[in-house]
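Novice: Following this line is input.cif, made up of mmCIF, C-alpha atoms and all ligand atoms:
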data_target
#
loop_
_atom_site.group_PDB
_atom_site.id
_atom_site.type_symbol
_atom_site.label_atom_id
_atom_site.label_comp_id
_atom_site.auth_asym_id
_atom_site.auth_seq_id
_atom_site.Cartn_x
_atom_site.Cartn_y
_atom_site.Cartn_z
ATOM 1 C CA MET A 320 148.107 61.369 104.475
ATOM 2 C CA ARG A 321 148.771 64.919 105.705
ATOM 3 C CA LEU A 322 149.577 67.189 102.755
ATOM 4 C CA PHE A 323 150.381 70.906 102.759
ATOM 5 C CA ASP A 324 151.372 73.495 100.169
ATOM 6 C CA THR A 325 153.507 76.458 101.235
ATOM 7 C CA HIS A 326 153.335 78.265 97.880
ATOM 8 C CA PHE A 327 150.093 78.288 95.900
ATOM 9 C CA HIS A 328 148.657 81.140 93.794
ATOM 10 C CA LEU A 329 145.007 80.683 94.752
ATOM 11 C CA ASP A 330 143.929 84.019 93.246
ATOM 12 C CA LEU A 331 145.120 83.029 89.771
ATOM 13 C CA TYR A 332 142.583 80.178 89.398
ATOM 14 C CA PRO A 333 139.194 80.668 87.745
ATOM 15 C CA ASP A 334 137.336 79.194 90.752
ATOM 16 C CA PRO A 335 139.344 79.892 93.907
ATOM 17 C CA SER A 336 136.406 79.218 96.277
ATOM 18 C CA MET A 337 136.178 75.667 95.017
ATOM 19 C CA LEU A 338 139.889 75.156 95.715
ATOM 20 C CA VAL A 339 139.476 76.487 99.249
ATOM 21 C CA ALA A 340 136.592 74.045 99.779
ATOM 22 C CA GLN A 341 138.725 71.190 98.418
ATOM 23 C CA ALA A 342 141.635 72.050 100.703
ATOM 24 C CA ASP A 343 139.297 72.173 103.719
ATOM 25 C CA GLN A 344 137.711 68.892 102.737
ATOM 26 C CA ALA A 345 141.104 67.189 102.339
ATOM 27 C CA GLN A 346 142.505 68.994 105.418
ATOM 28 C CA THR A 347 145.438 70.244 103.343
ATOM 29 C CA TYR A 348 147.149 73.351 104.719
ATOM 30 C CA VAL A 349 147.756 75.934 101.998
ATOM 31 C CA VAL A 350 149.667 79.213 102.008
ATOM 32 C CA ALA A 351 147.881 81.298 99.382
ATOM 33 C CA VAL A 352 150.598 83.631 98.123
ATOM 34 C CA THR A 353 149.836 86.885 96.316
ATOM 35 C CA ASN A 354 151.950 88.866 93.873
ATOM 36 C CA THR A 355 150.922 92.402 94.851
ATOM 37 C CA PRO A 356 149.630 93.956 98.093
ATOM 38 C CA SER A 357 146.519 95.199 96.260
ATOM 39 C CA VAL A 358 145.162 91.649 95.889
ATOM 40 C CA PHE A 359 145.832 90.617 99.492
ATOM 41 C CA GLU A 360 142.462 91.715 100.846
ATOM 42 C CA SER A 361 140.426 89.772 98.271
ATOM 43 C CA THR A 362 142.503 86.648 99.023
ATOM 44 C CA GLN A 363 141.979 87.271 102.724
ATOM 45 C CA GLN A 364 138.214 87.364 102.125
ATOM 46 C CA LEU A 365 138.323 84.168 100.050
ATOM 47 C CA THR A 366 140.064 82.327 102.862
ATOM 48 C CA SER A 367 138.401 83.972 105.877
ATOM 49 C CA SER A 368 136.194 80.998 106.723
ATOM 50 C CA SER A 369 138.835 78.345 105.987
ATOM 51 C CA GLN A 370 140.599 76.374 108.708
ATOM 52 C CA PHE A 371 143.361 75.327 106.322
ATOM 53 C CA VAL A 372 144.049 78.080 103.788
ATOM 54 C CA ARG A 373 146.011 81.148 104.893
ATOM 55 C CA PRO A 374 146.517 84.324 102.859
ATOM 56 C CA ALA A 375 150.060 85.610 102.338
ATOM 57 C CA LEU A 376 151.020 89.192 101.600
ATOM 58 C CA GLY A 377 153.392 89.500 98.645
ATOM 59 C CA LEU A 378 155.171 91.725 96.183
ATOM 60 C CA HIS A 379 156.662 89.615 93.412
ATOM 61 C CA PRO A 380 160.154 90.688 92.289
ATOM 62 C CA GLU A 381 159.095 90.716 88.634
ATOM 63 C CA LEU A 382 156.423 93.267 89.564
ATOM 64 C CA ALA A 383 158.612 95.278 91.944
ATOM 65 C CA VAL A 384 159.460 97.977 89.407
ATOM 66 C CA GLU A 385 155.855 98.478 88.349
ATOM 67 C CA ARG A 386 154.374 98.134 91.861
ATOM 68 C CA GLN A 387 156.970 99.649 94.182
ATOM 69 C CA LEU A 388 154.397 102.325 95.048
ATOM 70 C CA GLU A 389 152.427 99.588 96.828
ATOM 71 C CA LEU A 390 155.133 99.269 99.503
ATOM 72 C CA PRO A 391 153.259 101.562 101.933
ATOM 73 C CA LEU A 392 150.193 99.332 101.450
ATOM 74 C CA PHE A 393 152.390 96.293 102.133
ATOM 75 C CA GLU A 394 153.528 97.907 105.360
ATOM 76 C CA ARG A 395 149.968 98.743 106.393
ATOM 77 C CA LEU A 396 148.672 95.209 105.723
ATOM 78 C CA LEU A 397 151.616 93.322 107.223
ATOM 79 C CA PRO A 398 150.219 93.164 110.802
ATOM 80 C CA GLN A 399 147.184 91.280 109.418
ATOM 81 C CA THR A 400 149.095 88.140 108.449
ATOM 82 C CA ARG A 401 151.935 85.936 109.551
ATOM 83 C CA TYR A 402 152.618 84.779 105.982
ATOM 84 C CA VAL A 403 154.610 86.789 103.462
ATOM 85 C CA GLY A 404 155.028 85.852 99.794
ATOM 86 C CA GLU A 405 155.674 85.882 97.040
ATOM 87 C CA VAL A 406 158.670 88.133 97.623
ATOM 88 C CA GLY A 407 162.336 87.972 96.642
ATOM 89 C CA LEU A 408 164.619 88.791 93.729
ATOM 90 C CA ASP A 409 164.622 87.732 90.068
ATOM 91 C CA PHE A 410 167.816 88.525 88.176
ATOM 92 C CA VAL A 411 166.701 87.133 84.836
ATOM 93 C CA THR A 412 166.595 90.829 84.000
ATOM 94 C CA THR A 413 170.096 92.198 83.412
ATOM 95 C CA ASP A 414 168.907 95.796 83.708
ATOM 96 C CA ALA A 415 170.893 97.360 86.556
ATOM 97 C CA ARG A 416 168.116 99.785 87.483
ATOM 98 C CA ASP A 417 165.499 97.029 87.660
ATOM 99 C CA ARG A 418 167.764 94.945 89.836
ATOM 100 C CA ALA A 419 168.447 97.896 92.125
ATOM 101 C CA ILE A 420 164.718 98.580 92.583
ATOM 102 C CA GLN A 421 164.068 94.904 93.310
ATOM 103 C CA GLN A 422 166.852 94.949 95.900
ATOM 104 C CA GLU A 423 165.467 98.076 97.508
ATOM 105 C CA VAL A 424 161.933 96.639 97.692
ATOM 106 C CA PHE A 425 163.101 93.277 99.029
ATOM 107 C CA GLN A 426 165.400 94.840 101.632
ATOM 108 C CA LYS A 427 162.543 97.020 102.849
ATOM 109 C CA ILE A 428 160.275 93.949 103.115
ATOM 110 C CA ILE A 429 162.948 92.041 105.042
ATOM 111 C CA ALA A 430 163.416 94.997 107.399
ATOM 112 C CA LEU A 431 159.652 95.204 108.062
ATOM 113 C CA CYS A 432 159.465 91.441 108.695
ATOM 114 C CA GLN A 433 162.548 91.584 110.882
ATOM 115 C CA ALA A 434 160.817 94.232 113.007
ATOM 116 C CA SER A 435 157.670 92.091 113.424
ATOM 117 C CA GLY A 436 159.672 89.021 114.332
ATOM 118 C CA ASP A 437 157.386 86.076 113.632
ATOM 119 C CA LYS A 438 156.796 86.180 109.867
ATOM 120 C CA ILE A 439 157.049 83.184 107.568
ATOM 121 C CA LEU A 440 158.348 84.102 104.129
ATOM 122 C CA THR A 441 158.143 82.183 100.866
ATOM 123 C CA VAL A 442 160.897 83.571 98.696
ATOM 124 C CA HIS A 443 161.686 83.616 94.967
ATOM 125 C CA SER A 444 165.424 83.648 94.168
ATOM 126 C CA ARG A 445 165.882 82.888 90.444
ATOM 127 C CA ARG A 446 169.444 83.798 89.352
ATOM 128 C CA ALA A 447 169.782 85.882 92.523
ATOM 129 C CA GLU A 448 170.225 83.134 95.090
ATOM 130 C CA LYS A 449 173.316 84.652 96.702
ATOM 131 C CA GLU A 450 171.760 88.102 96.906
ATOM 132 C CA VAL A 451 168.539 86.722 98.417
ATOM 133 C CA ILE A 452 170.395 84.799 101.112
ATOM 134 C CA GLN A 453 172.534 87.832 101.835
ATOM 135 C CA ALA A 454 169.473 90.083 102.172
ATOM 136 C CA ILE A 455 167.783 87.676 104.607
ATOM 137 C CA GLY A 456 171.005 87.206 106.554
ATOM 138 C CA PRO A 457 171.944 84.630 109.197
ATOM 139 C CA GLU A 458 170.049 86.341 112.034
ATOM 140 C CA PHE A 459 166.609 86.769 110.497
ATOM 141 C CA ALA A 460 163.926 86.989 113.209
ATOM 142 C CA GLY A 461 161.264 85.042 111.257
ATOM 143 C CA GLN A 462 161.457 81.955 109.062
ATOM 144 C CA ALA A 463 162.266 81.973 105.353
ATOM 145 C CA ILE A 464 161.480 79.290 102.798
ATOM 146 C CA LEU A 465 163.363 79.291 99.515
ATOM 147 C CA HIS A 466 160.700 78.367 96.992
ATOM 148 C CA TRP A 467 161.652 76.425 93.797
ATOM 149 C CA TYR A 468 165.369 76.752 94.486
ATOM 150 C CA SER A 469 167.358 76.367 91.245
ATOM 151 C CA GLY A 470 170.708 77.939 92.144
ATOM 152 C CA PRO A 471 174.179 76.559 92.813
ATOM 153 C CA LEU A 472 174.621 73.831 95.428
ATOM 154 C CA SER A 473 177.289 75.862 97.228
ATOM 155 C CA VAL A 474 174.770 78.658 97.792
ATOM 156 C CA ALA A 475 172.164 76.127 98.952
ATOM 157 C CA ARG A 476 174.673 74.982 101.584
ATOM 158 C CA GLN A 477 175.034 78.581 102.761
ATOM 159 C CA ALA A 478 171.241 78.836 103.017
ATOM 160 C CA VAL A 479 171.161 75.655 105.116
ATOM 161 C CA GLU A 480 173.810 77.121 107.400
ATOM 162 C CA ASN A 481 171.701 80.262 107.787
ATOM 163 C CA GLY A 482 168.699 78.198 108.881
ATOM 164 C CA LEU A 483 166.548 78.571 105.774
ATOM 165 C CA TYR A 484 163.961 76.065 104.538
ATOM 166 C CA PHE A 485 163.418 74.777 100.994
ATOM 167 C CA SER A 486 160.050 73.936 99.433
ATOM 168 C CA LEU A 487 159.944 71.316 96.693
ATOM 169 C CA ASN A 488 157.362 71.173 93.898
ATOM 170 C CA PRO A 489 156.312 68.610 91.271
ATOM 171 C CA ALA A 490 158.308 70.349 88.496
ATOM 172 C CA MET A 491 161.536 70.113 90.522
ATOM 173 C CA VAL A 492 161.077 66.370 90.862
ATOM 174 C CA ARG A 493 161.374 66.066 87.089
ATOM 175 C CA SER A 494 164.727 67.879 86.990
ATOM 176 C CA LYS A 495 168.146 66.249 87.132
ATOM 177 C CA ARG A 496 169.130 68.595 89.949
ATOM 178 C CA PHE A 497 166.546 67.129 92.321
ATOM 179 C CA ASN A 498 168.739 64.424 93.813
ATOM 180 C CA GLU A 499 171.809 66.693 93.951
ATOM 181 C CA LEU A 500 169.783 69.176 95.941
ATOM 182 C CA LEU A 501 168.540 66.452 98.273
ATOM 183 C CA ALA A 502 172.136 65.526 99.018
ATOM 184 C CA VAL A 503 172.820 69.059 100.262
ATOM 185 C CA ILE A 504 169.662 69.911 102.201
ATOM 186 C CA PRO A 505 168.939 68.128 105.505
ATOM 187 C CA ARG A 506 165.550 66.378 105.590
ATOM 188 C CA GLU A 507 164.336 68.527 108.445
ATOM 189 C CA ARG A 508 164.578 71.637 106.231
ATOM 190 C CA LEU A 509 162.380 70.337 103.426
ATOM 191 C CA LEU A 510 158.800 71.447 102.796
ATOM 192 C CA LEU A 511 156.182 71.049 100.056
ATOM 193 C CA GLU A 512 154.767 73.450 97.491
ATOM 194 C CA THR A 513 153.094 73.386 94.085
ATOM 195 C CA ASP A 514 153.549 76.967 92.758
ATOM 196 C CA GLY A 515 150.324 76.306 90.886
ATOM 197 C CA PRO A 516 149.176 77.439 88.400
ATOM 198 C CA PHE A 517 152.739 78.040 87.160
ATOM 199 C CA VAL A 518 153.535 74.374 87.660
ATOM 200 C CA GLN A 519 151.414 72.138 85.455
ATOM 201 C CA ILE A 520 150.571 68.490 85.810
ATOM 202 C CA GLY A 521 150.220 67.361 82.230
ATOM 203 C CA SER A 522 148.056 70.094 80.734
ATOM 204 C CA ARG A 523 146.286 71.202 83.947
ATOM 205 C CA PRO A 524 147.538 73.618 86.603
ATOM 206 C CA ALA A 525 148.791 71.972 89.800
ATOM 207 C CA VAL A 526 146.577 71.920 92.908
ATOM 208 C CA PRO A 527 147.745 71.444 96.533
ATOM 209 C CA GLN A 528 146.966 67.707 96.465
ATOM 210 C CA ASP A 529 149.656 67.349 93.776
ATOM 211 C CA THR A 530 152.300 67.733 96.495
ATOM 212 C CA MET A 531 151.761 63.964 96.634
ATOM 213 C CA ILE A 532 154.015 63.747 93.538
ATOM 214 C CA VAL A 533 156.883 65.191 95.575
ATOM 215 C CA ILE A 534 156.200 62.786 98.432
ATOM 216 C CA ARG A 535 156.288 59.858 96.025
ATOM 217 C CA ALA A 536 159.637 61.006 94.574
ATOM 218 C CA LEU A 537 161.159 61.470 98.033
ATOM 219 C CA ALA A 538 159.968 58.027 99.098
ATOM 220 C CA ALA A 539 161.756 56.536 96.076
ATOM 221 C CA SER A 540 164.929 58.535 96.770
ATOM 222 C CA TRP A 541 165.064 57.777 100.472
ATOM 223 C CA HIS A 542 163.797 54.192 100.248
ATOM 224 C CA ILE A 543 161.149 54.786 102.896
ATOM 225 C CA SER A 544 157.360 54.710 102.684
ATOM 226 C CA GLU A 545 155.293 57.602 101.377
ATOM 227 C CA GLU A 546 153.591 57.742 104.754
ATOM 228 C CA GLN A 547 156.965 58.210 106.494
ATOM 229 C CA VAL A 548 157.941 60.972 104.073
ATOM 230 C CA ALA A 549 154.623 62.749 104.592
ATOM 231 C CA GLN A 550 155.059 62.514 108.352
ATOM 232 C CA THR A 551 158.616 63.879 108.249
ATOM 233 C CA LEU A 552 157.630 66.844 106.090
ATOM 234 C CA PHE A 553 154.502 67.596 108.095
ATOM 235 C CA THR A 554 156.598 67.616 111.262
ATOM 236 C CA ASN A 555 158.934 70.131 109.572
ATOM 237 C CA PHE A 556 155.941 72.303 108.686
ATOM 238 C CA ARG A 557 154.588 72.179 112.229
ATOM 239 C CA GLN A 558 157.986 73.047 113.657
ATOM 240 C CA LEU A 559 158.278 75.978 111.293
ATOM 241 C CA LEU A 560 154.933 77.291 112.526
ATOM 242 C CA THR A 561 155.764 76.925 116.195
ATOM 243 C CA LYS A 562 159.306 78.338 116.085
ATOM 244 C CA GLU A 563 159.816 81.570 117.926
HETATM 245 MN MN MN A 601 155.098 81.558 92.619
#
Would you write out, as structure tokens, the structure that this file holds?
Ligand code: MN

Specialist:
Amino acid sequence: MRLFDTHFHLDLYPDPSMLVAQADQAQTYVVAVTNTPSVFESTQQLTSSSQFVRPALGLHPELAVERQLELPLFERLLPQTRYVGEVGLDFVTTDARDRAIQQEVFQKIIALCQASGDKILTVHSRRAEKEVIQAIGPEFAGQAILHWYSGPLSVARQAVENGLYFSLNPAMVRSKRFNELLAVIPRERLLLETDGPFVQIGSRPAVPQDTMIVIRALAASWHISEEQVAQTLFTNFRQLLTKE
């Protein structure tokens, strides 16, 4: 079965090289997101000989205030990768200044990606779903994936209209919202992720192969085989990669 993981924090595991080897062995495509531009190059080195693991350049919204000075580095590194993440907004903070800095950083990142044209973004949107969708806009030149979407269904519909993708992880499967979300998002816009190590399977951090849990849940929801689900989602992933 063809698995893939569009949002995995490879650099936060004690033995990332082993995980790269496992992904290669299993032929599982992995987007290795990073939370600050300063760790991009080490992730790039870790994945340089892999056929399946790709490094993504990120600046996590919860680190935007502390790391906004890394924006010039982000801009300098951007031509080296097609994948961007983790980026976005997190409005768990109610501090107006923090939110404004996050907005400024994210808007700058969107503008840079817009100028390059072919970037694939994996985007955090906790409690800022509307603002994230607004910042990306309906005419974004690349592709954007809303990772671990937990916002209102009405906003999810807007995201669908704007052409955005959604990646589902094993923690989302356990939530009551899972089936409501599936009712709103067309199948061809769904992708897989783990967000490991932030998502745990029992007491261990998730690994890319755990996307199988999502496939199993979708098969139960849609009353089709796991193989059919895996094929549908892999087709979505391939289309995302080949879109202009
Ligand atoms: Mn993450």

Novice: Kindly resolve the PyMOL selection byres (((not hetatm)) within 8 of (chain A and resi 601)) on the present coordinates and return the residues as a list of chain:residue names.

Specialist: A:His326, A:Phe327, A:His328, A:Val352, A:Glu405, A:His443, A:His466, A:Asp514, A:Gly515, A:Phe517

Novice: Residues picked by the PyMOL selection byres (((chain A and resi 360) around 12) and not hetatm) here, as a ChimeraX atom specification?

Specialist: /A:330,351-353,355-359,361-367,373-377,392-393,395-397,399-400

Novice: Quick check on the file I pasted: which residues fall under the PyMOL selection byres (((chain A and resi 549-563) around 10) and not hetatm)? Write them as JSON, numbers by chain.

Specialist: {"A": [320, 321, 322, 323, 324, 325, 348, 401, 436, 437, 438, 439, 460, 461, 462, 463, 464, 484, 506, 507, 508, 509, 510, 511, 530, 531, 533, 534, 535, 537, 538, 544, 545, 546, 547, 548]}

Novice: For the atom pair CA of Arg523 (chain A) and CA of Val492 (chain A), what is the interatomic distance in Å to one decimal place?

Specialist: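 CA of Arg523 (chain A) sits 17.0 Å away from CA of Val492 (chain A).
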
Novice: Find the residues near Val339 (chain A): any atom within 9 Å, counting all atoms listed in the file, skip ones fewer than 6 places away on the same chain, and give them as a VMD selection string.

Specialist: chain A and resid 329 349 365 to 366 369 371 to 372

Novice: Kindly list the centre and edge lengths in Å, rounded to one decimal, for the axis-aligned box that covers all listed atoms of region 350-358 of chain A plus 5 Å on each of its six sides, as JSON.

Specialist:
{"center_x": 148.6, "center_y": 87.2, "center_z": 97.9, "size_x": 16.8, "size_y": 26.0, "size_z": 18.1}

Novice: Tell me which residues come within 10 Å of (139.9, 71.7, 97.4), as a VMD selection string, counting all atoms listed in the file in the file's coordinates.

Specialist: chain A and resid 335 to 347 372 526 to 528

Novice: Could you save those same residues with C-alpha atoms as a PDB file, in the frame of the given file?

Specialist:
ATOM      1  CA  PRO A 335     139.344  79.892  93.907  1.00  0.00           C
ATOM      2  CA  SER A 336     136.406  79.218  96.277  1.00  0.00           C
ATOM      3  CA  MET A 337     136.178  75.667  95.017  1.00  0.00           C
ATOM      4  CA  LEU A 338     139.889  75.156  95.715  1.00  0.00           C
ATOM      5  CA  VAL A 339     139.476  76.487  99.249  1.00  0.00           C
ATOM      6  CA  ALA A 340     136.592  74.045  99.779  1.00  0.00           C
ATOM      7  CA  GLN A 341     138.725  71.190  98.418  1.00  0.00           C
ATOM      8  CA  ALA A 342     141.635  72.050 100.703  1.00  0.00           C
ATOM      9  CA  ASP A 343     139.297  72.173 103.719  1.00  0.00           C
ATOM     10  CA  GLN A 344     137.711  68.892 102.737  1.00  0.00           C
ATOM     11  CA  ALA A 345     141.104  67.189 102.339  1.00  0.00           C
ATOM     12  CA  GLN A 346     142.505  68.994 105.418  1.00  0.00           C
ATOM     13  CA  THR A 347     145.438  70.244 103.343  1.00  0.00           C
ATOM     14  CA  VAL A 372     144.049  78.080 103.788  1.00  0.00           C
ATOM     15  CA  VAL A 526     146.577  71.920  92.908  1.00  0.00           C
ATOM     16  CA  PRO A 527     147.745  71.444  96.533  1.00  0.00           C
ATOM     17  CA  GLN A 528     146.966  67.707  96.465  1.00  0.00           C
TER      18      GLN A 528
END

Novice: Given all atoms listed in the file as the basis, pick out the residue of A:Ala539, A:Val411, A:Ile420, A:Ala454 nearest to Arg386 (chain A).

Specialist: A:Ile420

Novice: Please compute the CA of Phe497 (chain A)-CA of Ala447 (chain A) distance, one decimal, in Å.

Specialist: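 We find that CA of Phe497 (chain A) and CA of Ala447 (chain A) lie 19.0 Å from each other.
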
Novice: Taking (174.2, 65.1, 98.2) in the file's coordinates, which residues come within 12 Å, counting only C-alpha atoms, written as JSON, numbers by chain?

Specialist: {"A": [472, 473, 475, 476, 496, 497, 498, 499, 500, 501, 502, 503, 504, 505, 506, 540, 541]}

Novice: Using only C-alpha atoms, which of the listed residues (A:Pro489, A:Pro471, A:Pro398, A:Gly407) sits closest to Ile455 (chain A)?

Specialist: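 Among the listed residues, A:Gly407 lies closest to Ile455 (chain A).
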
Novice: Ranking A:Leu440, A:Leu390, A:Val384, A:Cys432 by minimum distance to Val406 (chain A) and counting only C-alpha atoms, which one comes first?

Specialist: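 When distances to Val406 (chain A) are compared using only C-alpha atoms, the smallest one comes from A:Leu440.
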
Novice: Please report the interatomic distance between CA of Pro391 (chain A) and CA of Arg418 (chain A) in Å with one decimal.

Specialist: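 Straight-line distance from CA of Pro391 (chain A) to CA of Arg418 (chain A) works out to 20.0 Å.
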
Novice: List the neighbours of Ser444 (chain A) out to 7 Å using all atoms listed in the file; skip same-chain residues closer than 2 positions along the sequence, and give me the result as a list in words.

Specialist: Gly407, Leu408, Asp409, Val442, Arg446, Ala447, Glu448, Val451 and Tyr468 of chain A

Novice: Taking only C-alpha atoms into account, name the residue in A:Phe425, A:Trp467, A:Tyr332, A:Phe459 that is nearest to His379 (chain A).

Specialist: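 Using only C-alpha atoms, His379 (chain A) sits closest to A:Phe425.
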
Novice: For Ala490 (chain A), which residue among A:Gly404, A:Gly470, A:Pro524, A:Pro457 is the nearest when counting all atoms listed in the file?

Specialist: A:Pro524
